[in-house]
$ cat structure.pdb   # PDB, C-alpha atoms
ATOM      1  CA  GLU A   1     -44.559 -11.358 -29.532  1.00  0.00           C
ATOM      2  CA  ARG A   2     -45.393 -14.551 -31.424  1.00  0.00           C
ATOM      3  CA  ILE A   3     -45.871 -13.999 -35.148  1.00  0.00           C
ATOM      4  CA  LYS A   4     -46.461 -16.313 -38.086  1.00  0.00           C
ATOM      5  CA  MET A   5     -46.343 -15.751 -41.823  1.00  0.00           C
ATOM      6  CA  LYS A   6     -49.625 -16.542 -43.561  1.00  0.00           C
ATOM      7  CA  LYS A   7     -49.214 -19.538 -45.848  1.00  0.00           C
ATOM      8  CA  ASP A   8     -50.180 -19.285 -49.504  1.00  0.00           C
ATOM      9  CA  LEU A   9     -53.250 -21.487 -49.310  1.00  0.00           C
ATOM     10  CA  ARG A  10     -53.675 -21.725 -53.092  1.00  0.00           C
ATOM     11  CA  GLN A  11     -50.108 -22.754 -53.808  1.00  0.00           C
ATOM     12  CA  LYS A  12     -49.999 -26.027 -55.727  1.00  0.00           C
ATOM     13  CA  PRO A  13     -48.176 -29.013 -54.181  1.00  0.00           C
ATOM     14  CA  PRO A  14     -44.557 -29.739 -55.173  1.00  0.00           C
ATOM     15  CA  ARG A  15     -43.997 -31.322 -58.591  1.00  0.00           C
ATOM     16  CA  PHE A  16     -41.941 -34.487 -59.158  1.00  0.00           C
ATOM     17  CA  GLU A  17     -40.701 -36.022 -62.389  1.00  0.00           C
ATOM     18  CA  LEU A  18     -41.581 -39.700 -61.990  1.00  0.00           C
ATOM     19  CA  ASN A  19     -42.249 -42.502 -64.464  1.00  0.00           C
ATOM     20  CA  LYS A  20     -44.991 -45.002 -63.608  1.00  0.00           C
ATOM     21  CA  ILE A  21     -44.133 -48.681 -64.073  1.00  0.00           C
ATOM     22  CA  ASP A  22     -46.792 -51.403 -63.772  1.00  0.00           C
ATOM     23  CA  THR A  23     -45.496 -54.926 -63.150  1.00  0.00           C
ATOM     24  CA  GLU A  24     -46.791 -58.292 -61.939  1.00  0.00           C
ATOM     25  CA  GLN A  25     -45.361 -57.345 -58.541  1.00  0.00           C
ATOM     26  CA  GLY A  26     -47.327 -54.105 -58.351  1.00  0.00           C
ATOM     27  CA  ARG A  27     -46.926 -50.490 -59.398  1.00  0.00           C
ATOM     28  CA  PHE A  28     -43.690 -48.559 -58.993  1.00  0.00           C
ATOM     29  CA  TYR A  29     -42.467 -45.053 -59.732  1.00  0.00           C
ATOM     30  CA  MET A  30     -38.957 -44.243 -60.924  1.00  0.00           C
ATOM     31  CA  ASP A  31     -37.225 -40.880 -60.618  1.00  0.00           C
ATOM     32  CA  PRO A  32     -34.653 -39.479 -63.123  1.00  0.00           C
ATOM     33  CA  GLU A  33     -31.785 -40.933 -61.043  1.00  0.00           C
ATOM     34  CA  GLY A  34     -33.185 -44.452 -61.395  1.00  0.00           C
ATOM     35  CA  ASN A  35     -34.508 -44.776 -57.839  1.00  0.00           C
ATOM     36  CA  PHE A  36     -37.654 -46.862 -57.446  1.00  0.00           C
ATOM     37  CA  TYR A  37     -40.577 -46.147 -55.144  1.00  0.00           C
ATOM     38  CA  PRO A  38     -43.417 -48.652 -54.605  1.00  0.00           C
ATOM     39  CA  SER A  39     -46.821 -47.061 -55.111  1.00  0.00           C
ATOM     40  CA  VAL A  40     -49.041 -46.241 -52.151  1.00  0.00           C
ATOM     41  CA  THR A  41     -51.752 -48.649 -53.334  1.00  0.00           C
ATOM     42  CA  SER A  42     -49.242 -51.463 -53.913  1.00  0.00           C
ATOM     43  CA  LYS A  43     -47.961 -51.133 -50.355  1.00  0.00           C
ATOM     44  CA  ILE A  44     -51.443 -51.059 -48.863  1.00  0.00           C
ATOM     45  CA  ASP A  45     -52.629 -54.026 -50.946  1.00  0.00           C
ATOM     46  CA  ARG A  46     -49.730 -56.076 -49.574  1.00  0.00           C
ATOM     47  CA  VAL A  47     -50.037 -55.245 -45.874  1.00  0.00           C
ATOM     48  CA  LEU A  48     -53.765 -54.731 -45.284  1.00  0.00           C
ATOM     49  CA  ALA A  49     -56.317 -57.543 -45.404  1.00  0.00           C
ATOM     50  CA  LYS A  50     -59.304 -56.773 -47.630  1.00  0.00           C
ATOM     51  CA  GLY A  51     -61.819 -58.182 -45.161  1.00  0.00           C
ATOM     52  CA  GLU A  52     -64.181 -61.133 -44.949  1.00  0.00           C
ATOM     53  CA  GLY A  53     -66.649 -59.669 -47.436  1.00  0.00           C
ATOM     54  CA  TYR A  54     -64.021 -59.567 -50.161  1.00  0.00           C
ATOM     55  CA  TYR A  55     -62.916 -63.145 -49.606  1.00  0.00           C
ATOM     56  CA  ARG A  56     -66.528 -64.367 -49.595  1.00  0.00           C
ATOM     57  CA  TRP A  57     -67.003 -62.555 -52.910  1.00  0.00           C
ATOM     58  CA  LEU A  58     -63.950 -64.366 -54.338  1.00  0.00           C
ATOM     59  CA  THR A  59     -65.394 -67.760 -53.445  1.00  0.00           C
ATOM     60  CA  SER A  60     -68.496 -67.033 -55.546  1.00  0.00           C
ATOM     61  CA  PHE A  61     -66.453 -67.542 -58.739  1.00  0.00           C
ATOM     62  CA  ASP A  62     -65.283 -70.836 -60.170  1.00  0.00           C
ATOM     63  CA  SER A  63     -62.031 -69.533 -61.673  1.00  0.00           C
ATOM     64  CA  TYR A  64     -59.320 -66.968 -61.061  1.00  0.00           C
ATOM     65  CA  GLU A  65     -59.675 -65.738 -64.656  1.00  0.00           C
ATOM     66  CA  LYS A  66     -63.264 -64.664 -64.021  1.00  0.00           C
ATOM     67  CA  VAL A  67     -62.173 -62.722 -60.945  1.00  0.00           C
ATOM     68  CA  LYS A  68     -59.433 -61.006 -62.957  1.00  0.00           C
ATOM     69  CA  ASN A  69     -61.846 -60.067 -65.744  1.00  0.00           C
ATOM     70  CA  ILE A  70     -64.429 -58.607 -63.368  1.00  0.00           C
ATOM     71  CA  THR A  71     -61.903 -56.651 -61.307  1.00  0.00           C
ATOM     72  CA  SER A  72     -60.282 -55.380 -64.515  1.00  0.00           C
ATOM     73  CA  ASN A  73     -63.647 -54.165 -65.837  1.00  0.00           C
ATOM     74  CA  LYS A  74     -64.424 -52.490 -62.510  1.00  0.00           C
ATOM     75  CA  ALA A  75     -61.039 -50.771 -62.568  1.00  0.00           C
ATOM     76  CA  LYS A  76     -61.637 -49.487 -66.107  1.00  0.00           C
ATOM     77  CA  LYS A  77     -65.018 -48.060 -65.139  1.00  0.00           C
ATOM     78  CA  GLY A  78     -63.504 -46.445 -62.047  1.00  0.00           C
ATOM     79  CA  THR A  79     -60.751 -44.926 -64.189  1.00  0.00           C
ATOM     80  CA  SER A  80     -63.358 -43.498 -66.586  1.00  0.00           C
ATOM     81  CA  VAL A  81     -65.180 -41.830 -63.696  1.00  0.00           C
ATOM     82  CA  HIS A  82     -61.916 -40.400 -62.337  1.00  0.00           C
ATOM     83  CA  GLU A  83     -60.844 -39.033 -65.718  1.00  0.00           C
ATOM     84  CA  GLU A  84     -64.150 -37.291 -66.402  1.00  0.00           C
ATOM     85  CA  CYS A  85     -64.337 -35.860 -62.875  1.00  0.00           C
ATOM     86  CA  GLU A  86     -60.796 -34.517 -63.272  1.00  0.00           C
ATOM     87  CA  LYS A  87     -61.862 -32.680 -66.432  1.00  0.00           C
ATOM     88  CA  LEU A  88     -64.851 -31.187 -64.641  1.00  0.00           C
ATOM     89  CA  ALA A  89     -62.731 -30.104 -61.670  1.00  0.00           C
ATOM     90  CA  ASN A  90     -60.396 -28.340 -64.107  1.00  0.00           C
ATOM     91  CA  GLY A  91     -63.289 -26.405 -65.590  1.00  0.00           C
ATOM     92  CA  GLU A  92     -63.732 -28.421 -68.785  1.00  0.00           C
ATOM     93  CA  GLU A  93     -67.092 -29.253 -70.334  1.00  0.00           C
ATOM     94  CA  ILE A  94     -67.745 -32.935 -71.038  1.00  0.00           C
ATOM     95  CA  GLU A  95     -70.344 -35.046 -72.812  1.00  0.00           C
ATOM     96  CA  VAL A  96     -71.781 -37.798 -70.633  1.00  0.00           C
ATOM     97  CA  ASP A  97     -74.661 -40.294 -70.777  1.00  0.00           C
ATOM     98  CA  THR A  98     -76.419 -39.483 -67.504  1.00  0.00           C
ATOM     99  CA  ASP A  99     -78.560 -42.614 -67.825  1.00  0.00           C
ATOM    100  CA  SER A 100     -75.537 -44.914 -67.560  1.00  0.00           C
ATOM    101  CA  LYS A 101     -74.049 -45.979 -64.230  1.00  0.00           C
ATOM    102  CA  ILE A 102     -70.797 -44.177 -65.043  1.00  0.00           C
ATOM    103  CA  GLY A 103     -72.740 -41.060 -66.022  1.00  0.00           C
ATOM    104  CA  LYS A 104     -74.757 -41.126 -62.808  1.00  0.00           C
ATOM    105  CA  ARG A 105     -71.594 -41.336 -60.716  1.00  0.00           C
ATOM    106  CA  ILE A 106     -70.125 -38.382 -62.601  1.00  0.00           C
ATOM    107  CA  LYS A 107     -73.363 -36.450 -62.080  1.00  0.00           C
ATOM    108  CA  ASN A 108     -73.020 -37.058 -58.357  1.00  0.00           C
ATOM    109  CA  PHE A 109     -69.558 -35.522 -58.463  1.00  0.00           C
ATOM    110  CA  VAL A 110     -71.217 -32.448 -59.980  1.00  0.00           C
ATOM    111  CA  ASN A 111     -73.835 -32.570 -57.212  1.00  0.00           C
ATOM    112  CA  PHE A 112     -71.103 -32.650 -54.564  1.00  0.00           C
ATOM    113  CA  TYR A 113     -69.409 -29.656 -56.148  1.00  0.00           C
ATOM    114  CA  LYS A 114     -72.647 -27.677 -56.496  1.00  0.00           C
ATOM    115  CA  GLU A 115     -73.698 -28.359 -52.928  1.00  0.00           C
ATOM    116  CA  HIS A 116     -70.268 -27.341 -51.609  1.00  0.00           C
ATOM    117  CA  ASN A 117     -69.687 -24.447 -54.009  1.00  0.00           C
ATOM    118  CA  PRO A 118     -68.402 -21.828 -53.341  1.00  0.00           C
ATOM    119  CA  LYS A 119     -67.186 -23.235 -50.012  1.00  0.00           C
ATOM    120  CA  PHE A 120     -64.995 -25.755 -51.862  1.00  0.00           C
ATOM    121  CA  GLU A 121     -62.305 -24.428 -54.184  1.00  0.00           C
ATOM    122  CA  VAL A 122     -60.144 -26.697 -56.376  1.00  0.00           C
ATOM    123  CA  ILE A 123     -56.369 -26.231 -56.097  1.00  0.00           C
ATOM    124  CA  ASP A 124     -55.074 -29.229 -58.053  1.00  0.00           C
ATOM    125  CA  THR A 125     -56.078 -32.577 -59.555  1.00  0.00           C
ATOM    126  CA  GLU A 126     -54.245 -35.865 -60.205  1.00  0.00           C
ATOM    127  CA  PHE A 127     -50.957 -34.755 -58.645  1.00  0.00           C
ATOM    128  CA  THR A 128     -47.958 -36.879 -57.714  1.00  0.00           C
ATOM    129  CA  VAL A 129     -46.954 -37.444 -54.102  1.00  0.00           C
ATOM    130  CA  LEU A 130     -43.404 -38.565 -53.254  1.00  0.00           C
ATOM    131  CA  ASN A 131     -42.049 -39.480 -49.827  1.00  0.00           C
ATOM    132  CA  LYS A 132     -38.342 -40.248 -50.066  1.00  0.00           C
ATOM    133  CA  LYS A 133     -38.027 -40.735 -46.308  1.00  0.00           C
ATOM    134  CA  LEU A 134     -40.568 -43.574 -46.187  1.00  0.00           C
ATOM    135  CA  GLY A 135     -39.937 -44.728 -49.744  1.00  0.00           C
ATOM    136  CA  TYR A 136     -43.190 -44.497 -51.674  1.00  0.00           C
ATOM    137  CA  ALA A 137     -45.001 -42.484 -54.319  1.00  0.00           C
ATOM    138  CA  GLY A 138     -48.536 -42.171 -55.634  1.00  0.00           C
ATOM    139  CA  ARG A 139     -51.121 -39.989 -57.331  1.00  0.00           C
ATOM    140  CA  ALA A 140     -53.828 -38.185 -55.384  1.00  0.00           C
ATOM    141  CA  ASP A 141     -57.164 -37.299 -56.985  1.00  0.00           C
ATOM    142  CA  LEU A 142     -58.145 -33.879 -55.733  1.00  0.00           C
ATOM    143  CA  LEU A 143     -56.769 -31.059 -53.597  1.00  0.00           C
ATOM    144  CA  GLY A 144     -58.896 -28.118 -52.566  1.00  0.00           C
ATOM    145  CA  LEU A 145     -59.731 -25.477 -50.018  1.00  0.00           C
ATOM    146  CA  MET A 146     -62.655 -25.884 -47.657  1.00  0.00           C
ATOM    147  CA  HIS A 147     -63.840 -22.376 -46.817  1.00  0.00           C
ATOM    148  CA  PRO A 148     -65.729 -21.735 -43.565  1.00  0.00           C
ATOM    149  CA  ASN A 149     -68.074 -19.226 -45.227  1.00  0.00           C
ATOM    150  CA  PRO A 150     -69.874 -19.296 -48.603  1.00  0.00           C
ATOM    151  CA  ASP A 151     -68.533 -15.848 -49.524  1.00  0.00           C
ATOM    152  CA  LYS A 152     -64.962 -17.056 -48.776  1.00  0.00           C
ATOM    153  CA  SER A 153     -64.555 -14.395 -46.112  1.00  0.00           C
ATOM    154  CA  GLY A 154     -62.195 -15.388 -43.344  1.00  0.00           C
ATOM    155  CA  ASP A 155     -59.900 -16.865 -45.984  1.00  0.00           C
ATOM    156  CA  GLU A 156     -57.159 -17.463 -43.402  1.00  0.00           C
ATOM    157  CA  GLU A 157     -59.446 -20.039 -41.783  1.00  0.00           C
ATOM    158  CA  ALA A 158     -59.788 -22.098 -44.976  1.00  0.00           C
ATOM    159  CA  GLN A 159     -58.415 -25.643 -44.817  1.00  0.00           C
ATOM    160  CA  ARG A 160     -56.483 -27.599 -47.425  1.00  0.00           C
ATOM    161  CA  PHE A 161     -58.125 -30.962 -48.038  1.00  0.00           C
ATOM    162  CA  ILE A 162     -56.989 -33.992 -50.023  1.00  0.00           C
ATOM    163  CA  ILE A 163     -60.064 -35.762 -51.393  1.00  0.00           C
ATOM    164  CA  ASP A 164     -59.939 -39.243 -52.867  1.00  0.00           C
ATOM    165  CA  LEU A 165     -62.696 -40.268 -55.280  1.00  0.00           C
ATOM    166  CA  LYS A 166     -64.096 -43.777 -54.923  1.00  0.00           C
ATOM    167  CA  THR A 167     -66.733 -45.757 -56.821  1.00  0.00           C
ATOM    168  CA  SER A 168     -66.961 -48.427 -54.107  1.00  0.00           C
ATOM    169  CA  LYS A 169     -70.047 -49.062 -51.979  1.00  0.00           C
ATOM    170  CA  ASP A 170     -68.535 -47.551 -48.841  1.00  0.00           C
ATOM    171  CA  VAL A 171     -65.406 -46.122 -47.207  1.00  0.00           C
ATOM    172  CA  TYR A 172     -62.948 -48.856 -46.228  1.00  0.00           C
ATOM    173  CA  PRO A 173     -59.806 -48.932 -44.036  1.00  0.00           C
ATOM    174  CA  SER A 174     -57.595 -49.052 -47.149  1.00  0.00           C
ATOM    175  CA  HIS A 175     -59.075 -45.735 -48.301  1.00  0.00           C
ATOM    176  CA  LYS A 176     -58.285 -44.107 -44.969  1.00  0.00           C
ATOM    177  CA  LEU A 177     -54.729 -45.424 -45.015  1.00  0.00           C
ATOM    178  CA  GLN A 178     -54.229 -44.324 -48.618  1.00  0.00           C
ATOM    179  CA  LEU A 179     -55.143 -40.744 -47.750  1.00  0.00           C
ATOM    180  CA  GLY A 180     -52.862 -40.923 -44.727  1.00  0.00           C
ATOM    181  CA  PHE A 181     -49.955 -41.873 -46.979  1.00  0.00           C
ATOM    182  CA  TYR A 182     -50.714 -38.901 -49.255  1.00  0.00           C
ATOM    183  CA  LYS A 183     -50.883 -36.437 -46.372  1.00  0.00           C
ATOM    184  CA  ALA A 184     -47.640 -37.756 -44.857  1.00  0.00           C
ATOM    185  CA  GLY A 185     -45.922 -37.518 -48.248  1.00  0.00           C
ATOM    186  CA  LEU A 186     -46.946 -33.926 -48.872  1.00  0.00           C
ATOM    187  CA  GLU A 187     -46.017 -32.822 -45.380  1.00  0.00           C
ATOM    188  CA  GLU A 188     -42.635 -34.548 -45.666  1.00  0.00           C
ATOM    189  CA  ASN A 189     -42.012 -32.058 -48.487  1.00  0.00           C
ATOM    190  CA  GLY A 190     -43.140 -29.083 -46.419  1.00  0.00           C
ATOM    191  CA  TYR A 191     -46.659 -28.819 -47.865  1.00  0.00           C
ATOM    192  CA  GLU A 192     -49.166 -28.525 -45.045  1.00  0.00           C
ATOM    193  CA  ILE A 193     -52.467 -30.417 -45.264  1.00  0.00           C
ATOM    194  CA  ASP A 194     -55.312 -29.641 -42.870  1.00  0.00           C
ATOM    195  CA  GLY A 195     -57.686 -32.500 -43.633  1.00  0.00           C
ATOM    196  CA  ILE A 196     -58.376 -35.612 -45.689  1.00  0.00           C
ATOM    197  CA  GLY A 197     -61.631 -37.079 -46.940  1.00  0.00           C
ATOM    198  CA  VAL A 198     -63.197 -39.729 -49.172  1.00  0.00           C
ATOM    199  CA  LEU A 199     -65.864 -38.874 -51.728  1.00  0.00           C
ATOM    200  CA  VAL A 200     -67.825 -42.024 -52.613  1.00  0.00           C
ATOM    201  CA  LEU A 201     -69.592 -41.533 -55.942  1.00  0.00           C
ATOM    202  CA  GLY A 202     -72.550 -43.880 -56.014  1.00  0.00           C
ATOM    203  CA  VAL A 203     -75.123 -44.394 -58.735  1.00  0.00           C
ATOM    204  CA  ASP A 204     -77.939 -42.884 -56.651  1.00  0.00           C
ATOM    205  CA  ASN A 205     -76.053 -40.368 -54.505  1.00  0.00           C
ATOM    206  CA  TYR A 206     -72.673 -39.402 -53.107  1.00  0.00           C
ATOM    207  CA  LYS A 207     -71.178 -39.612 -49.637  1.00  0.00           C
ATOM    208  CA  PHE A 208     -68.377 -37.371 -48.395  1.00  0.00           C
ATOM    209  CA  LYS A 209     -66.607 -38.542 -45.265  1.00  0.00           C
ATOM    210  CA  LYS A 210     -63.814 -36.714 -43.470  1.00  0.00           C
ATOM    211  CA  ILE A 211     -61.082 -39.049 -42.234  1.00  0.00           C
ATOM    212  CA  GLU A 212     -59.146 -38.821 -38.998  1.00  0.00           C
ATOM    213  CA  TYR A 213     -55.423 -38.815 -39.782  1.00  0.00           C
ATOM    214  CA  ASN A 214     -53.035 -41.020 -37.808  1.00  0.00           C
ATOM    215  CA  TYR A 215     -49.373 -40.969 -38.824  1.00  0.00           C
ATOM    216  CA  ASP A 216     -48.684 -44.044 -36.677  1.00  0.00           C
ATOM    217  CA  TYR A 217     -50.828 -46.151 -39.043  1.00  0.00           C
ATOM    218  CA  VAL A 218     -48.866 -44.905 -42.052  1.00  0.00           C
ATOM    219  CA  GLU A 219     -45.543 -45.643 -40.378  1.00  0.00           C
ATOM    220  CA  ALA A 220     -46.655 -49.110 -39.198  1.00  0.00           C
ATOM    221  CA  ALA A 221     -47.942 -50.135 -42.646  1.00  0.00           C
ATOM    222  CA  ASN A 222     -44.779 -48.846 -44.262  1.00  0.00           C
ATOM    223  CA  LYS A 223     -42.575 -50.825 -41.880  1.00  0.00           C
ATOM    224  CA  LEU A 224     -44.465 -54.031 -42.644  1.00  0.00           C
ATOM    225  CA  TYR A 225     -44.174 -53.715 -46.413  1.00  0.00           C
ATOM    226  CA  PRO A 226     -40.538 -54.961 -46.831  1.00  0.00           C
ATOM    227  CA  LEU A 227     -41.628 -58.284 -45.280  1.00  0.00           C
ATOM    228  CA  VAL A 228     -44.166 -58.931 -48.031  1.00  0.00           C
ATOM    229  CA  GLY A 229     -43.319 -56.745 -51.018  1.00  0.00           C
ATOM    230  CA  PRO A 230     -40.341 -55.730 -53.184  1.00  0.00           C
ATOM    231  CA  GLU A 231     -38.747 -52.294 -52.982  1.00  0.00           C
ATOM    232  CA  GLU A 232     -37.824 -52.499 -56.673  1.00  0.00           C
ATOM    233  CA  PRO A 233     -39.482 -54.258 -59.622  1.00  0.00           C
ATOM    234  CA  ASP A 234     -37.924 -57.319 -61.195  1.00  0.00           C
ATOM    235  CA  MET A 235     -37.125 -55.913 -64.650  1.00  0.00           C
ATOM    236  CA  GLU A 236     -35.788 -59.179 -66.115  1.00  0.00           C
TER     237      GLU A 236
END
$ encode --input "structure.pdb" --output "structure tokens"
Amino acid sequence: ERIKMKKDLRQKPPRFELNKIDTEQGRFYMDPEGNFYPSVTSKIDRVLAKGEGYYRWLTSFDSYEKVKNITSNKAKKGTSVHEECEKLANGEEIEVDTDSKIGKRIKNFVNFYKEHNPKFEVIDTEFTVLNKKLGYAGRADLLGLMHPNPDKSGDEEAQRFIIDLKTSKDVYPSHKLQLGFYKAGLEENGYEIDGIGVLVLGVDNYKFKKIEYNYDYVEAANKLYPLVGPEEPDME
């Protein structure tokens, strides 16, 4: 007779004590023993081309400083959206200007949750992922259960999903690879993940797209990284 213990679906992912270090060479994480791990996004930025559209956008500016200022402002706005959505996912009440672009994106996170509630159940937010085998670390946005039924009956059929929040115009290959890295990292530590998806928070609406996982892509990108990026930051 084949038997299997039912997994604790609501168990939070493993916790790791890591310090984040931002450098000119990218982002790194350091564990208590002094081991460094390049961040998931730093690895992907080094090995994956951003596409023709991005490079055409770069050529529309007359200086590198302007590009840096615009990308920095976009990053700050994206961080604001992430932080407020994290509070909402944790059950906090927030004050937001729903007429602003940031506010509208946050409202669309609420719309996603309402339209998927109670089929979607939050397990964790902004949690650290560490993969010692492949040598990377990162922070994932949202982990939850996708229930097959609104009343959460058939709980054993619920699926654990990692969801990454984006304020971009669409879902790009880097987003898919990023989620693949997170899934591989969690499963390397014995934490099973059933699915991955990107939630694009636009000004007018949201788009949720499930992503097909391919470990081969994660492994290939990880193997390429040492050719183009440092394994440890230059601290001098």
$ closest_residue --input "structure.pdb" --among "A:Val129, A:Val81, A:Leu58, A:Leu134" --to "Glu231 of chain A" --atoms "only C-alpha atoms"
A:Leu134
$ resolve_selection --input "structure.pdb" --expression "the PyMOL selection byres ((chain A and resi 183) around 12)" --output "number ranges by chain"
A: 13, 40, 128-131, 137-140, 143, 160-164, 176-182, 184-197, 211-215, 218
$ residues_around --input "structure.pdb" --residues "segment 41-52 of chain A" --least-positions-apart "2" --cutoff "7 Å" --atoms "only C-alpha atoms" --output "PyMOL selection string"
chain A and resi 26-27+38-39+54-56+174+178+221+224-225+228-229
$ write_last_selection --input "structure.pdb" --atoms "C-alpha atoms" --output "mmCIF file, in the frame of the given file"
data_model
loop_
_atom_site.group_PDB
_atom_site.id
_atom_site.type_symbol
_atom_site.label_atom_id
_atom_site.label_comp_id
_atom_site.auth_asym_id
_atom_site.auth_seq_id
_atom_site.Cartn_x
_atom_site.Cartn_y
_atom_site.Cartn_z
ATOM 1 C CA GLY A 26 -47.327 -54.105 -58.351
ATOM 2 C CA ARG A 27 -46.926 -50.490 -59.398
ATOM 3 C CA PRO A 38 -43.417 -48.652 -54.605
ATOM 4 C CA SER A 39 -46.821 -47.061 -55.111
ATOM 5 C CA TYR A 54 -64.021 -59.567 -50.161
ATOM 6 C CA TYR A 55 -62.916 -63.145 -49.606
ATOM 7 C CA ARG A 56 -66.528 -64.367 -49.595
ATOM 8 C CA SER A 174 -57.595 -49.052 -47.149
ATOM 9 C CA GLN A 178 -54.229 -44.324 -48.618
ATOM 10 C CA ALA A 221 -47.942 -50.135 -42.646
ATOM 11 C CA LEU A 224 -44.465 -54.031 -42.644
ATOM 12 C CA TYR A 225 -44.174 -53.715 -46.413
ATOM 13 C CA VAL A 228 -44.166 -58.931 -48.031
ATOM 14 C CA GLY A 229 -43.319 -56.745 -51.018
#
$ atom_distance --input "structure.pdb" --atom1 "atom CA of Asp141 of chain A" --atom2 "atom CA of Ile70 of chain A"
23.4 Å
$ closest_residue --input "structure.pdb" --among "A:Lys207, A:Ser60, A:Leu165, A:Leu9" --to "Glu84 of chain A" --atoms "only C-alpha atoms"
A:Leu165
$ resolve_selection --input "structure.pdb" --expression "the PyMOL selection byres ((chain A and resi 121) around 8)" --output "MDAnalysis selection string"
chainID A and resid 117:120 122:123 144:147
$ atom_distance --input "structure.pdb" --atom1 "atom CA of Tyr113 of chain A" --atom2 "atom CA of Glu156 of chain A"
21.5 Å
$ atom_distance --input "structure.pdb" --atom1 "atom CA of His116 of chain A" --atom2 "atom CA of Pro14 of chain A"
26.1 Å
$ build_atoms --input "structure.pdb" --residues "segment 117-129 of chain A" --atoms "N, CA, C and O atoms" --output "CSV table (one decimal), in the frame of the given file"
chain,number,residue,atom,x,y,z
A,117,ASN,N,-70.2,-25.7,-53.4
A,117,ASN,CA,-69.7,-24.4,-54.0
A,117,ASN,C,-70.5,-23.2,-53.5
A,117,ASN,O,-71.7,-23.3,-53.4
A,118,PRO,N,-69.8,-22.1,-53.1
A,118,PRO,CA,-68.4,-21.8,-53.3
A,118,PRO,C,-67.5,-22.1,-52.2
A,118,PRO,O,-66.4,-21.7,-52.1
A,119,LYS,N,-68.0,-22.9,-51.2
A,119,LYS,CA,-67.2,-23.2,-50.0
A,119,LYS,C,-66.0,-24.1,-50.3
A,119,LYS,O,-65.0,-24.2,-49.6
A,120,PHE,N,-66.1,-24.9,-51.4
A,120,PHE,CA,-65.0,-25.8,-51.9
A,120,PHE,C,-64.4,-25.2,-53.1
A,120,PHE,O,-65.0,-24.9,-54.1
A,121,GLU,N,-63.1,-25.0,-53.1
A,121,GLU,CA,-62.3,-24.4,-54.2
A,121,GLU,C,-61.2,-25.4,-54.6
A,121,GLU,O,-60.3,-25.7,-53.8
A,122,VAL,N,-61.1,-25.8,-55.9
A,122,VAL,CA,-60.1,-26.7,-56.4
A,122,VAL,C,-58.8,-26.0,-56.5
A,122,VAL,O,-58.7,-24.9,-57.0
A,123,ILE,N,-57.8,-26.7,-56.0
A,123,ILE,CA,-56.4,-26.2,-56.1
A,123,ILE,C,-55.6,-27.0,-57.2
A,123,ILE,O,-55.0,-26.5,-58.0
A,124,ASP,N,-55.8,-28.4,-57.1
A,124,ASP,CA,-55.1,-29.2,-58.1
A,124,ASP,C,-55.8,-30.6,-58.2
A,124,ASP,O,-56.6,-31.0,-57.3
A,125,THR,N,-55.5,-31.3,-59.3
A,125,THR,CA,-56.1,-32.6,-59.6
A,125,THR,C,-55.0,-33.5,-60.0
A,125,THR,O,-54.0,-33.1,-60.7
A,126,GLU,N,-55.1,-34.8,-59.7
A,126,GLU,CA,-54.2,-35.9,-60.2
A,126,GLU,C,-52.8,-35.5,-60.1
A,126,GLU,O,-52.1,-35.4,-61.1
A,127,PHE,N,-52.3,-35.2,-58.9
A,127,PHE,CA,-51.0,-34.8,-58.6
A,127,PHE,C,-50.1,-35.9,-58.0
A,127,PHE,O,-50.7,-36.7,-57.2
A,128,THR,N,-48.9,-35.8,-58.2
A,128,THR,CA,-48.0,-36.9,-57.7
A,128,THR,C,-47.5,-36.5,-56.3
A,128,THR,O,-47.2,-35.4,-56.0
A,129,VAL,N,-47.5,-37.6,-55.5
A,129,VAL,CA,-47.0,-37.4,-54.1
A,129,VAL,C,-45.7,-38.3,-54.0
A,129,VAL,O,-45.7,-39.5,-54.4
